[in-house]
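Structure file start_21.cif; described as mmCIF, C-alpha atoms.
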```cif
data_run
#
loop_
_atom_site.label_atom_id
_atom_site.label_comp_id
_atom_site.auth_asym_id
_atom_site.auth_seq_id
_atom_site.Cartn_x
_atom_site.Cartn_y
_atom_site.Cartn_z
CA MET A 1497 24.02 69.18 -8.90
CA VAL A 1498 27.54 69.87 -7.87
CA GLN A 1499 30.16 67.17 -7.80
CA ILE A 1500 33.40 68.42 -6.30
CA VAL A 1501 36.28 66.00 -6.47
CA ILE A 1502 38.86 65.78 -3.73
CA SER A 1503 41.99 64.15 -5.05
CA SER A 1504 45.28 63.34 -3.46
CA GLY A 1505 48.50 64.20 -5.20
CA GLY A 1506 50.23 62.01 -7.72
CA ALA A 1507 53.14 59.73 -7.03
CA GLY A 1508 54.95 59.88 -3.76
CA GLY A 1509 53.61 60.31 -0.27
CA LEU A 1510 51.89 63.35 1.04
CA ALA A 1511 53.72 65.94 3.11
CA GLN A 1512 53.28 65.62 6.85
CA TRP A 1513 52.46 68.83 8.64
CA VAL A 1514 52.05 69.53 12.33
CA LEU A 1515 49.22 71.40 14.02
CA LEU A 1516 49.87 73.94 16.70
CA GLU A 1517 46.86 74.48 18.90
CA LEU A 1518 46.68 77.52 21.11
CA GLN A 1519 43.96 78.61 23.48
CA GLY A 1520 42.73 82.08 22.78
CA GLU A 1521 43.83 84.34 19.98
CA VAL A 1522 47.07 85.51 18.51
CA GLU A 1523 47.26 89.22 17.81
CA PRO A 1524 49.92 91.17 15.98
CA ARG A 1525 51.95 93.51 18.13
CA GLN A 1526 51.41 96.27 15.65
CA SER A 1527 48.32 96.64 13.54
CA GLY A 1528 48.57 95.24 10.05
CA GLY A 1529 47.83 91.57 10.19
CA LEU A 1530 49.76 88.44 11.02
CA ALA A 1531 51.26 87.59 7.64
CA GLY A 1532 55.02 87.81 7.53
CA SER A 1533 55.39 88.40 11.28
CA LEU A 1534 57.37 86.24 13.65
CA LEU A 1535 55.21 84.22 16.01
CA GLY A 1536 57.87 82.99 18.35
CA ASP A 1537 60.32 80.21 19.14
CA LEU A 1538 59.50 76.54 19.56
CA HIS A 1539 61.77 74.37 21.66
CA TYR A 1540 61.61 70.84 22.94
CA THR A 1541 62.98 69.80 26.30
CA ARG A 1542 65.04 66.67 26.58
CA GLU A 1543 61.89 64.84 27.68
CA GLY A 1544 60.16 65.90 24.49
CA VAL A 1545 57.93 68.57 26.03
CA PRO A 1546 57.27 71.39 23.57
CA VAL A 1547 57.96 74.91 24.83
CA LEU A 1548 56.72 77.97 22.98
CA ILE A 1549 58.04 81.47 23.57
CA VAL A 1550 55.80 84.19 22.18
CA GLY A 1551 56.77 87.74 22.87
CA HIS A 1552 57.70 87.76 26.53
CA HIS A 1553 55.52 84.80 27.41
CA ILE A 1554 56.41 81.16 27.75
CA LEU A 1555 53.99 78.29 27.26
CA TYR A 1556 54.43 74.60 27.99
CA GLY A 1557 52.49 72.11 25.96
CA ARG A 1558 52.40 68.47 24.97
CA VAL A 1559 52.62 66.39 21.83
CA VAL A 1560 49.32 64.70 20.97
CA GLN A 1561 48.82 62.00 18.34
CA LEU A 1562 45.52 62.86 16.66
CA GLU A 1563 42.86 60.18 16.92
CA LYS A 1564 41.34 61.52 13.72
CA PRO A 1565 44.08 62.88 11.47
CA PHE A 1566 43.42 65.93 9.36
CA ALA A 1567 43.86 66.43 5.65
CA VAL A 1568 44.74 69.88 4.37
CA LEU A 1569 42.79 70.77 1.22
CA VAL A 1570 43.55 73.50 -1.27
CA LYS A 1571 40.77 74.68 -3.55
CA ARG A 1572 41.52 74.93 -7.23
CA GLY A 1573 39.47 76.25 -10.08
CA GLY A 1574 35.90 77.40 -10.16
CA GLY A 1575 36.73 81.05 -9.75
CA GLU A 1576 37.16 83.83 -12.22
CA ALA A 1577 40.88 83.94 -11.53
CA GLU A 1578 41.38 80.47 -13.01
CA PRO A 1579 39.55 80.25 -16.32
CA ALA A 1580 41.54 77.15 -17.28
CA GLU A 1581 39.79 75.13 -14.60
CA PRO A 1582 36.08 75.92 -14.66
CA HIS A 1583 35.06 73.30 -12.11
CA ALA A 1584 36.10 73.69 -8.54
CA HIS A 1585 37.97 70.84 -6.98
CA TYR A 1586 40.17 70.28 -3.96
CA ALA A 1587 43.64 68.84 -3.84
CA VAL A 1588 44.94 67.23 -0.68
CA THR A 1589 48.17 69.06 0.09
CA ALA A 1590 49.22 67.48 3.35
CA LEU A 1591 48.24 65.26 6.23
CA ILE A 1592 48.37 66.21 9.88
CA LYS A 1593 48.72 63.37 12.35
CA THR A 1594 50.28 65.19 15.29
CA LYS A 1595 49.48 68.35 17.16
CA LEU A 1596 51.30 70.45 19.70
CA LEU A 1597 48.68 71.46 22.23
CA PHE A 1598 49.29 74.47 24.43
CA LYS A 1599 46.54 74.96 26.91
CA THR A 1600 48.26 76.14 30.03
CA ARG A 1601 48.27 79.79 30.89
CA PRO A 1602 51.24 81.66 29.39
CA LYS A 1603 53.76 82.76 31.97
CA PRO A 1604 55.51 86.11 31.59
CA ILE A 1605 59.29 85.87 31.42
CA ILE A 1606 60.72 88.34 33.85
CA THR A 1607 64.40 88.95 33.29
CA ASN A 1608 65.04 91.79 35.66
CA VAL A 1609 63.80 91.44 39.18
CA PRO A 1610 64.66 94.54 41.15
CA LYS A 1611 66.41 93.76 44.41
CA LYS A 1612 64.93 95.03 47.57
CA VAL A 1613 67.02 97.78 48.92
CA SER B 1465 39.44 59.91 -4.74
CA LEU B 1466 36.54 61.41 -2.86
CA VAL B 1467 33.60 63.41 -4.16
CA ILE B 1468 31.44 66.04 -2.52
CA ARG B 1469 27.89 65.80 -3.86
CA GLY B 1470 24.83 67.96 -3.47
CA GLU B 1471 22.35 70.31 -5.08
CA LYS B 1472 22.26 73.90 -3.95
CA ASP B 1473 19.36 73.18 -1.61
CA GLU B 1474 20.80 69.99 -0.15
CA GLN B 1475 23.27 69.47 2.69
CA ALA B 1476 26.66 68.50 1.36
CA VAL B 1477 27.85 64.91 1.64
CA LEU B 1478 31.23 63.37 0.94
CA CYS B 1479 31.33 60.06 -0.91
CA SER B 1480 34.09 57.50 -1.14
CA LYS B 1481 33.80 54.52 -3.44
CA ASP B 1482 31.39 52.78 -1.12
CA LYS B 1483 30.46 55.04 1.80
CA THR B 1484 28.61 58.29 2.38
CA TYR B 1485 29.40 60.90 5.04
CA ASP B 1486 27.57 64.00 6.24
CA MET B 1487 29.82 67.07 6.15
CA LYS B 1488 29.70 69.44 9.10
CA ILE B 1489 31.74 72.48 10.05
CA ALA B 1490 33.16 72.18 13.52
CA ASP B 1491 34.09 75.33 15.38
CA THR B 1492 36.69 75.60 18.06
CA SER B 1493 37.54 78.50 20.33
CA ASN B 1494 41.17 77.47 20.06
CA MET B 1495 43.39 78.66 17.29
CA LEU B 1496 44.77 76.01 14.98
CA LEU B 1497 48.01 76.85 13.20
CA PHE B 1498 49.45 74.52 10.61
CA ILE B 1499 53.14 74.27 10.11
CA PRO B 1500 54.61 72.39 7.17
CA GLY B 1501 57.66 70.36 7.94
CA CYS B 1502 57.58 71.07 11.64
CA LYS B 1503 59.49 68.38 13.49
CA THR B 1504 58.34 66.47 16.52
CA PRO B 1505 60.78 65.63 19.34
CA GLU B 1506 61.30 62.07 18.05
CA GLN B 1507 62.43 63.40 14.71
CA LEU B 1508 65.07 65.77 16.11
CA ASN B 1509 68.57 64.71 16.82
CA ALA B 1510 69.46 64.86 20.50
CA ASP B 1511 72.95 65.87 19.57
CA GLN B 1512 73.91 68.67 21.88
CA ALA B 1513 76.94 69.78 19.94
CA SER B 1514 75.06 71.28 17.04
CA CYS B 1515 72.64 74.06 17.79
CA ASN B 1516 70.45 74.62 14.80
CA ILE B 1517 67.80 77.18 14.28
CA ILE B 1518 65.24 75.94 11.81
CA HIS B 1519 63.14 78.64 10.25
CA SER B 1520 59.63 77.35 9.74
CA GLN B 1521 56.73 79.15 8.25
CA ILE B 1522 53.21 78.90 9.48
CA ALA B 1523 51.19 78.04 6.40
CA GLY B 1524 47.95 79.28 7.83
CA PHE B 1525 45.55 79.14 10.72
CA SER B 1526 41.90 78.44 11.30
CA ASN B 1527 39.15 78.36 13.90
CA ASN B 1528 37.11 75.70 12.20
CA TYR B 1529 37.44 72.53 10.20
CA TRP B 1530 35.27 70.09 8.26
CA GLU B 1531 34.15 67.02 10.11
CA LEU B 1532 32.81 63.85 8.52
CA ARG B 1533 30.16 61.66 10.03
CA ARG B 1534 29.18 58.39 8.37
CA CYS B 1535 25.53 58.52 7.34
CA ARG B 1536 22.91 56.55 5.44
CA PRO B 1537 23.12 57.20 1.69
CA LYS B 1538 20.27 59.40 0.47
CA LEU B 1539 18.69 56.92 -1.88
CA LYS B 1540 15.00 57.81 -1.82
CA LYS B 1541 15.68 60.19 -4.71
CA LEU B 1542 16.84 57.25 -6.83
CA ARG B 1543 13.44 55.61 -6.84
CA LYS B 1544 11.77 58.99 -7.37
CA LEU B 1545 13.86 59.66 -10.48
CA LEU B 1546 13.27 56.23 -11.97
CA MET B 1547 9.54 56.49 -11.29
CA GLU B 1548 9.36 59.57 -13.50
CA ASP B 1549 9.24 57.29 -16.50
CA PRO B 1550 8.64 53.63 -15.60
CA TYR B 1551 9.04 51.09 -18.37
CA GLU B 1552 5.66 49.90 -19.58
CA GLY B 1553 6.82 47.35 -22.07
CA PRO B 1554 7.94 47.44 -25.70
CA ASP B 1555 4.44 48.09 -27.00
CA SER B 1556 4.01 51.28 -25.06
CA GLN B 1557 4.08 54.45 -27.10
CA ASN B 1558 5.78 56.52 -24.42
CA ASP B 1559 9.15 54.98 -24.78
CA GLN B 1560 10.02 56.12 -28.24
CA THR B 1561 11.80 59.44 -28.00
CA LEU B 1562 11.67 60.91 -24.50
CA THR B 1563 15.09 60.80 -22.94
CA PHE B 1564 15.08 63.72 -20.55
CA SER B 1565 13.54 61.71 -17.74
CA LYS B 1566 15.72 58.68 -18.40
CA TYR B 1567 18.96 58.25 -16.48
CA THR B 1568 22.28 56.59 -17.20
CA THR B 1569 24.70 55.52 -14.47
CA GLU B 1570 26.65 58.76 -15.00
CA ASP B 1571 23.46 60.80 -14.62
CA LEU B 1572 22.63 59.05 -11.37
CA LEU B 1573 26.12 59.65 -9.99
CA SER B 1574 25.66 63.36 -10.48
CA LEU B 1575 22.17 63.47 -8.97
CA ILE B 1576 22.19 61.09 -5.99
CA GLN B 1577 23.95 61.87 -2.72
CA ALA B 1578 25.48 58.44 -2.25
CA SER B 1579 28.61 56.52 -3.16
CA GLU B 1580 28.73 54.59 -6.42
CA GLU B 1581 28.60 51.19 -4.76
CA GLU B 1582 25.66 52.20 -2.60
CA ILE B 1583 23.81 53.41 -5.70
CA MET B 1584 24.56 50.20 -7.65
CA HIS B 1585 23.42 48.09 -4.71
CA GLN B 1586 20.17 50.01 -4.39
CA LEU B 1587 19.47 49.62 -8.11
CA GLN B 1588 19.65 45.88 -7.55
CA VAL B 1589 17.43 46.06 -4.46
CA ILE B 1590 14.67 47.90 -6.33
CA ASP B 1591 14.93 45.49 -9.30
CA ALA B 1592 15.94 48.17 -11.76
CA CYS B 1593 17.25 47.07 -15.14
CA LYS B 1594 19.17 48.68 -17.94
CA ILE B 1595 17.22 49.19 -21.13
CA GLY B 1596 18.98 50.90 -23.97
CA GLY B 1597 21.71 52.16 -21.65
CA TYR B 1598 19.24 53.77 -19.25
CA TRP B 1599 18.26 52.51 -15.81
CA ARG B 1600 14.53 51.73 -15.66
CA ILE B 1601 12.01 50.52 -13.14
CA LEU B 1602 9.16 48.45 -14.48
CA GLU B 1603 5.67 49.88 -14.26
CA PHE B 1604 3.84 47.74 -11.72
CA ASP B 1605 1.10 46.49 -14.04
CA TYR B 1606 3.68 45.47 -16.64
CA GLU B 1607 5.73 43.74 -13.97
CA MET B 1608 2.65 41.78 -12.85
CA LYS B 1609 1.90 40.90 -16.46
CA LEU B 1610 5.39 39.43 -16.86
CA LEU B 1611 5.14 37.59 -13.54
CA ASN B 1612 1.78 36.21 -14.53
CA HIS B 1613 3.21 34.79 -17.80
CA VAL B 1614 5.86 32.97 -15.77
CA THR B 1615 3.55 31.63 -13.05
CA GLN B 1616 1.00 30.43 -15.61
CA LEU B 1617 3.75 28.66 -17.52
CA ILE B 1618 5.02 27.02 -14.32
CA ASP B 1619 1.48 25.84 -13.66
CA SER B 1620 0.80 24.48 -17.15
CA GLU B 1621 4.18 22.72 -17.26
CA SER B 1622 3.76 21.44 -13.71
CA TRP B 1623 7.29 22.49 -12.85
CA SER B 1624 8.54 22.48 -9.30
CA LEU B 1625 8.69 26.04 -7.99
CA SER B 1626 12.31 25.49 -7.11
CA LYS B 1627 13.38 24.27 -10.55
CA VAL B 1628 12.14 26.61 -13.27
CA PRO B 1629 14.22 26.21 -16.45
CA LEU B 1630 15.36 29.46 -18.07
CA ARG B 1631 15.70 28.06 -21.56
CA THR B 1632 12.14 26.76 -21.76
CA CYS B 1633 10.76 30.00 -20.35
CA LEU B 1634 12.52 32.01 -23.04
CA GLU B 1635 11.36 29.62 -25.75
CA GLU B 1636 7.72 29.56 -24.64
CA LEU B 1637 7.36 33.21 -23.67
CA GLY B 1638 9.75 34.81 -26.14
CA SER B 1639 6.95 35.44 -28.59
CA LEU B 1640 4.94 37.37 -26.00
CA GLU B 1641 7.60 39.52 -24.38
CA PRO B 1642 11.25 40.55 -24.97
CA THR B 1643 13.58 37.81 -23.72
CA GLU B 1644 15.53 40.33 -21.59
CA MET B 1645 12.31 41.13 -19.74
CA ILE B 1646 11.51 37.47 -19.14
CA GLU B 1647 14.97 36.90 -17.75
CA HIS B 1648 14.70 40.10 -15.70
CA ILE B 1649 11.48 38.99 -14.03
CA LEU B 1650 12.95 35.58 -13.26
CA LEU B 1651 16.02 37.22 -11.71
CA GLY B 1652 13.83 39.53 -9.66
CA TYR B 1653 11.55 36.86 -8.31
CA GLY B 1654 13.86 33.88 -8.15
CA ARG B 1655 17.32 32.67 -7.29
CA LYS B 1656 19.44 31.71 -10.26
CA TYR B 1657 21.52 28.51 -10.20
CA THR B 1658 23.01 26.00 -12.61
CA ASP B 1659 22.47 22.28 -12.56
CA ASP B 1660 24.16 20.02 -15.06
CA GLY B 1661 24.92 22.92 -17.36
CA GLU B 1662 21.35 24.24 -17.45
CA VAL B 1663 20.16 27.45 -15.77
CA TYR B 1664 17.25 27.21 -13.35
CA PHE B 1665 15.44 29.50 -10.95
CA GLU B 1666 14.23 28.77 -7.44
CA MET B 1667 11.20 31.03 -7.15
CA HIS B 1668 10.84 33.29 -4.10
CA GLU B 1669 7.49 32.30 -2.66
CA ASP B 1670 7.43 35.26 -0.27
CA LYS B 1671 8.23 37.84 -2.92
CA ILE B 1672 5.60 36.51 -5.32
CA CYS B 1673 2.90 36.41 -2.64
CA ARG B 1674 3.87 39.92 -1.61
CA ALA B 1675 3.60 41.28 -5.15
CA ILE B 1676 0.17 39.72 -5.61
CA ALA B 1677 -0.95 41.23 -2.31
CA GLN B 1678 0.19 44.66 -3.52
CA MET B 1679 -1.78 44.16 -6.71
CA LEU B 1680 -4.92 43.40 -4.71
CA LEU B 1681 -4.47 46.10 -2.07
CA GLN B 1682 -3.84 49.00 -4.39
CA ASN B 1683 -7.36 48.82 -5.77
CA ALA B 1684 -9.05 50.11 -2.61
CA VAL B 1685 -8.29 52.20 0.44
CA LYS B 1686 -9.01 49.43 2.96
CA PHE B 1687 -9.98 45.80 2.90
CA ASN B 1688 -11.82 43.54 5.27
CA LEU B 1689 -8.92 41.47 6.59
CA SER B 1690 -10.46 38.01 6.42
CA GLU B 1691 -11.96 38.62 2.97
CA PHE B 1692 -8.58 39.85 1.76
CA GLN B 1693 -6.76 36.81 3.13
CA GLU B 1694 -9.16 34.49 1.34
CA VAL B 1695 -8.87 36.24 -2.04
CA TRP B 1696 -5.12 36.53 -1.64
CA GLN B 1697 -4.57 32.83 -1.03
CA GLN B 1698 -6.72 32.00 -4.05
CA SER B 1699 -4.73 34.40 -6.24
CA VAL B 1700 -1.25 33.04 -5.62
CA PRO B 1701 0.24 30.17 -7.69
CA GLU B 1702 -0.61 26.66 -6.64
CA GLY B 1703 1.74 25.34 -4.01
CA MET B 1704 2.37 28.74 -2.42
CA THR B 1705 1.11 29.71 1.04
CA THR B 1706 0.29 33.27 1.97
CA ARG B 1707 1.27 34.63 5.40
CA LEU B 1708 0.72 38.10 6.83
CA ASP B 1709 4.37 38.45 7.76
CA GLN B 1710 5.20 38.46 4.04
CA LEU B 1711 3.63 41.94 3.98
CA LYS B 1712 5.94 43.71 6.40
CA GLY B 1713 6.64 47.24 5.20
CA LEU B 1714 3.94 46.91 2.54
CA ALA B 1715 0.63 46.71 4.39
CA LEU B 1716 -0.75 47.66 7.77
CA VAL B 1717 -3.26 45.55 9.68
CA ASP B 1718 -5.72 47.24 12.02
CA ARG B 1719 -6.75 44.79 14.72
CA THR B 1720 -8.67 47.37 16.73
CA SER B 1721 -11.40 47.96 14.15
CA ARG B 1722 -14.43 45.70 13.81
CA PRO B 1723 -14.15 44.01 11.37
CA GLU B 1724 -10.34 43.92 11.27
CA THR B 1725 -8.96 45.67 8.21
CA ILE B 1726 -5.81 45.84 6.11
CA CYS B 1727 -4.55 48.66 3.90
CA LEU B 1728 -1.57 49.43 1.72
CA LEU B 1729 1.28 51.33 3.39
CA LYS B 1730 4.61 51.14 1.63
CA VAL B 1731 7.72 52.09 3.57
CA GLU B 1732 9.31 53.50 0.41
CA ASP B 1733 6.52 56.09 0.20
CA LEU B 1734 7.39 57.49 3.62
CA PRO B 1735 9.85 60.36 4.32
CA GLU B 1736 13.58 59.61 4.45
CA ASP B 1737 14.42 61.94 7.33
CA ASN B 1738 14.12 60.30 10.79
CA GLN B 1739 11.94 62.93 12.47
CA GLU B 1740 9.71 63.32 9.41
CA ARG B 1741 9.29 59.56 9.18
CA PHE B 1742 8.14 59.30 12.78
CA ASN B 1743 5.81 62.30 12.37
CA SER B 1744 4.30 60.64 9.32
CA LEU B 1745 3.83 57.31 11.09
CA PHE B 1746 2.24 58.90 14.14
CA SER B 1747 -0.17 60.87 12.02
CA ILE B 1748 -1.27 57.61 10.38
CA ARG B 1749 -1.73 55.85 13.70
CA GLU B 1750 -1.45 57.39 17.16
CA LYS B 1751 -0.03 54.40 19.01
CA TRP B 1752 2.12 51.64 17.58
CA THR B 1753 3.38 48.36 18.99
CA GLU B 1754 7.05 47.65 18.39
CA GLU B 1755 6.11 44.74 16.15
CA ASP B 1756 3.95 46.90 13.88
CA ILE B 1757 6.29 49.88 13.66
CA THR B 1758 9.59 48.00 13.18
CA PRO B 1759 9.22 47.31 9.42
CA TYR B 1760 8.58 51.03 8.91
CA ILE B 1761 11.69 52.26 10.74
CA GLN B 1762 14.16 49.43 10.18
CA ASP B 1763 15.75 51.21 7.23
CA LEU B 1764 16.51 54.26 9.38
CA CYS B 1765 18.96 52.36 11.53
CA ALA B 1766 22.56 53.42 11.06
CA GLU B 1767 25.33 50.86 11.21
CA LYS B 1768 25.08 49.01 14.52
CA GLN B 1769 22.00 50.99 15.59
CA THR B 1770 18.90 49.16 16.72
CA VAL B 1771 15.21 49.92 16.33
CA GLY B 1772 15.04 50.20 20.12
CA VAL B 1773 17.50 53.11 20.08
CA LEU B 1774 15.40 54.93 17.49
CA LEU B 1775 12.22 54.37 19.49
CA THR B 1776 13.84 55.74 22.63
CA LYS B 1777 14.92 58.84 20.77
CA TYR B 1778 11.84 59.61 18.70
CA ALA B 1779 8.93 58.10 20.61
CA ARG B 1780 7.45 57.84 24.05
CA SER B 1781 6.27 54.52 25.40
CA SER B 1782 3.28 53.62 27.51
CA MET B 1783 1.26 50.52 28.38
CA GLN B 1784 -2.09 49.83 26.78
CA ASN B 1785 -4.03 46.69 27.68
CA GLY B 1786 -0.87 45.09 28.98
CA VAL B 1787 1.03 45.77 25.76
CA LYS B 1788 3.83 48.31 25.33
CA VAL B 1789 2.93 50.94 22.74
CA TYR B 1790 4.77 53.94 21.33
CA ASN B 1791 3.41 57.36 20.51
CA SER B 1792 4.81 60.68 19.44
CA ARG B 1793 6.89 62.82 21.77
CA ARG B 1794 5.22 65.95 20.56
CA PRO B 1795 1.72 66.82 19.35
CA ILE B 1796 1.15 66.01 15.71
CA SER B 1797 -0.92 68.55 13.85
#
```

Show this structure as structure tokens.
Amino acid sequence: MVQIVISSGGAGGLAQWVLLELQGEVEPRQSGGLAGSLLGDLHYTREGVPVLIVGHHILYGRVVQLEKPFAVLVKRGGGEAEPAEPHAHYAVTALIKTKLLFKTRPKPIITNVPKKV
Amino acid sequence: SLVIRGEKDEQAVLCSKDKTYDMKIADTSNMLLFIPGCKTPEQLNADQASCNIIHSQIAGFSNNYWELRRCRPKLKKLRKLLMEDPYEGPDSQNDQTLTFSKYTTEDLLSLIQASEEEIMHQLQVIDACKIGGYWRILEFDYEMKLLNHVTQLIDSESWSLSKVPLRTCLEELGSLEPTEMIEHILLGYGRKYTDDGEVYFEMHEDKICRAIAQMLLQNAVKFNLSEFQEVWQQSVPEGMTTRLDQLKGLALVDRTSRPETICLLKVEDLPEDNQERFNSLFSIREKWTEEDITPYIQDLCAEKQTVGVLLTKYARSSMQNGVKVYNSRRPIS
């Protein structure tokens, strides 16, 4: 039988991350994957409303406290790449208690509106 | 810390020190991006003068996540493992060298899908004991032999059933059986207490009557109910009264047959999975009253779940002779 241990880090608290939830999919402008590319800009209004600008779209969202927080796990060991740790186990890297939820339709940002002649 | 436990052919569970959870993958059509160190509005300074750009990296993204749902620990396997080699007493030849079907606490932790506390609690419930570092269940005949020594001694000494002295038991019976076994049987069938520095046991009338009933019932498929009740009452120690409700989850009475009969049906022999348990019960008897079926489904109830909820989900009710009965929702082959 397998027993896989999930342990939390040593001394000190765990890092707190934030989740960004988007409806739909994010695609790279050019082919080649998402890694290393810029997603966009995140702003907050004075009222605390999160605003996300992706490409030429703008999305408004809201901050949600998660009823069931998440733990981020990283797998260690068990693979051929790590012969020092033969048994797989997971380490809790961070906790996520808040998410920024964007579920309204993105609006295109139009900067140049031609005037009617 | 937490542990994920399971064999390759089992569904994974997550165990804390004292709870067990089913692990499920939850899918979402939304995209979840996780950002280390991202700040929420409360954390940012509302100072207008400074205009910072914080460069944050998205650590990763996902469409699914693991969800935990509290579940009943999967303990049926525990009894199954310990029954591979029940302890038959010190005189038995079997016990000498075989160790591959004997289990230590560590062994059990790596084989049972349950938390440590749930496993330790169940070991107590099934009256397991540690012999030579291994957890063992007593073979039923040996257990009855030990119980019989104790009840005969109680009778010959004319002790009250609620004040059985440990010391005298060990002195009188120590030549017949290992003292650990005598103490084990007393602990299993009585409540230990101290009075004036001496250890006594208050014997469990119900548990003793129940064990004797099992001993009688396992010798035949079915018994004539009234004959059984007569023999049973005669077989229990003096001063004890037998009652049919002592046999809940152990025996099933059939009041529709002429003459009325009783047979052995142990809840621990039935499947652990809810649907399989109900299928099994409905193939034994087509229609059940709530009173009859409750002892055989009580252990399926999750925290704060009632038998009624289970019956609504897995059975269909109807009236028969003015009594509400339950039958299967689907045909049983």

Query - Test item: residues at most 7 Å from segment 1710-1723 of chain B, only C-alpha atoms, excluding those fewer than 6 positions along its chain, as a list in words - result: Asp1670, Arg1674, Asn1688, Leu1729, Lys1730, Val1731, Pro1759 and Tyr1760 of chain B

Could you tell me which residues of chain A sit within 6 Å of chain B when counting only C-alpha atoms, and give me the result as a PDB file with C-alpha atoms, in the frame of the given file?
```pdb
ATOM      1  CA  MET A1497      24.020  69.180  -8.900  1.00  0.00           C
ATOM      2  CA  VAL A1498      27.540  69.870  -7.870  1.00  0.00           C
ATOM      3  CA  GLN A1499      30.160  67.170  -7.800  1.00  0.00           C
ATOM      4  CA  ILE A1500      33.400  68.420  -6.300  1.00  0.00           C
ATOM      5  CA  VAL A1501      36.280  66.000  -6.470  1.00  0.00           C
ATOM      6  CA  ILE A1502      38.860  65.780  -3.730  1.00  0.00           C
ATOM      7  CA  SER A1503      41.990  64.150  -5.050  1.00  0.00           C
ATOM      8  CA  TRP A1513      52.460  68.830   8.640  1.00  0.00           C
ATOM      9  CA  VAL A1514      52.050  69.530  12.330  1.00  0.00           C
ATOM     10  CA  LEU A1515      49.220  71.400  14.020  1.00  0.00           C
ATOM     11  CA  LEU A1516      49.870  73.940  16.700  1.00  0.00           C
ATOM     12  CA  GLU A1517      46.860  74.480  18.900  1.00  0.00           C
ATOM     13  CA  LEU A1518      46.680  77.520  21.110  1.00  0.00           C
ATOM     14  CA  GLN A1519      43.960  78.610  23.480  1.00  0.00           C
ATOM     15  CA  GLY A1520      42.730  82.080  22.780  1.00  0.00           C
ATOM     16  CA  GLY A1544      60.160  65.900  24.490  1.00  0.00           C
TER      17      GLY A1544
END
```

Query - Proximity to Met1679 of chain B - best of B:Ile1726, B:Ser1626, B:Asp1733, B:Phe1604, only C-alpha atoms - result: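 Among the listed residues, the smallest separation from Met1679 of chain B belongs to B:Phe1604.
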
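When all atoms listed in the file are used to measure the gap to Gln1698 of chain B, the shortest distance among B:Met1667, B:Ala1677, B:Ala1684, B:Ala1779 belongs to B:Ala1677.
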
Requested in this report: Step by step, work through what the PyMOL selection byres ((chain A and resi 1511) around 10) selects in the shown file, and finish by giving those residues as a PyMOL selection string.
Outcome: (chain A and resi 1505+1508-1510+1512-1513+1568+1588-1592) or (chain B and resi 1500-1501)

Query - Nearby residues (all atoms listed in the file) at most 10 Å from Leu1535 of chain A, same-chain spacing under 2 positions excluded, as a list in words - result: Val1522, Glu1523, Pro1524, Leu1530, Ala1531, Gly1532, Ser1533, Asp1537, Leu1538, Leu1548, Ile1549, Val1550 and Gly1551 of chain A; Gln1521 and Ile1522 of chain B

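Once the PyMOL selection byres ((chain A and resi 1559) around 6) is applied to the depicted file, the selected set reads Arg1558, Val1560, Lys1595 and Leu1596 of chain A.
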
Requested in this report: Record the distance separating atom CA of Ala1675 of chain B and atom CA of Asp1605 of chain B, expressed in Å with one decimal.
Outcome: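 Between these atoms lies a distance of 10.6 Å.
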
Exercise on segment 1515-1518 of chain A, axis-aligned box with 6 Å per side, report centre and edge lengths in Å to one decimal, as lines of an AutoDock Vina configuration file:
```
center_x = 48.3
center_y = 74.5
center_z = 17.6
size_x = 15.2
size_y = 18.1
size_z = 19.1
```

Query raised in the report: Distance atom CA of Leu1708 of chain B-atom CA of Leu1680 of chain B, one decimal place?
Result: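 For atom CA of Leu1708 of chain B relative to atom CA of Leu1680 of chain B, the distance reads 13.9 Å.
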
Report task. Could you check which of B:Arg1793, B:Lys1544, B:His1613, B:Ile1676 is closest to Ile1590 of chain B, using all atoms listed in the file? Result ->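 Between B:Arg1793, B:Lys1544, B:His1613, B:Ile1676, the residue approaching Ile1590 of chain B most closely is B:Lys1544.
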
Query - Pairwise distance for atom CA of Tyr1790 of chain B and atom CA of Glu1750 of chain B, rounded to one decimal in Å - result: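 Between these atoms lies a distance of 8.2 Å.
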
Query raised in the report: Applied to this file, what does the PyMOL selection byres ((chain B and resi 1581) around 8) return in terms of residues, put as a PyMOL selection string?
Result: chain B and resi 1481-1483+1579-1580+1582-1585

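Take the candidates A:Lys1611, A:Leu1569, A:Ile1605, A:Glu1563 and check each one against Lys1593 of chain A using only C-alpha atoms; the shortest distance goes to A:Glu1563.
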
Report summary line: Min atom-atom distance to Glu1755 of chain B from the set B:Asp1619, B:Glu1740, B:Asp1486, B:Asp1709, counting all atoms listed in the file, belongs to B:Asp1709

Requested in this report: Go ahead and find all residues with at least one atom no further than 12 Å from (21.0, 56.1, 17.0) in the file's coordinates, using all atoms listed in the file; report them as a PyMOL selection string.
Outcome: chain B and resi 1535-1536+1738+1761-1762+1764-1778

Query - Pick from A:Ser1527, A:Ile1606, A:Tyr1540, A:Tyr1586 nearest to Gly1557 of chain A, counting only C-alpha atoms - result: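 Answer, going by the shortest atom-to-atom distance: A:Tyr1540.
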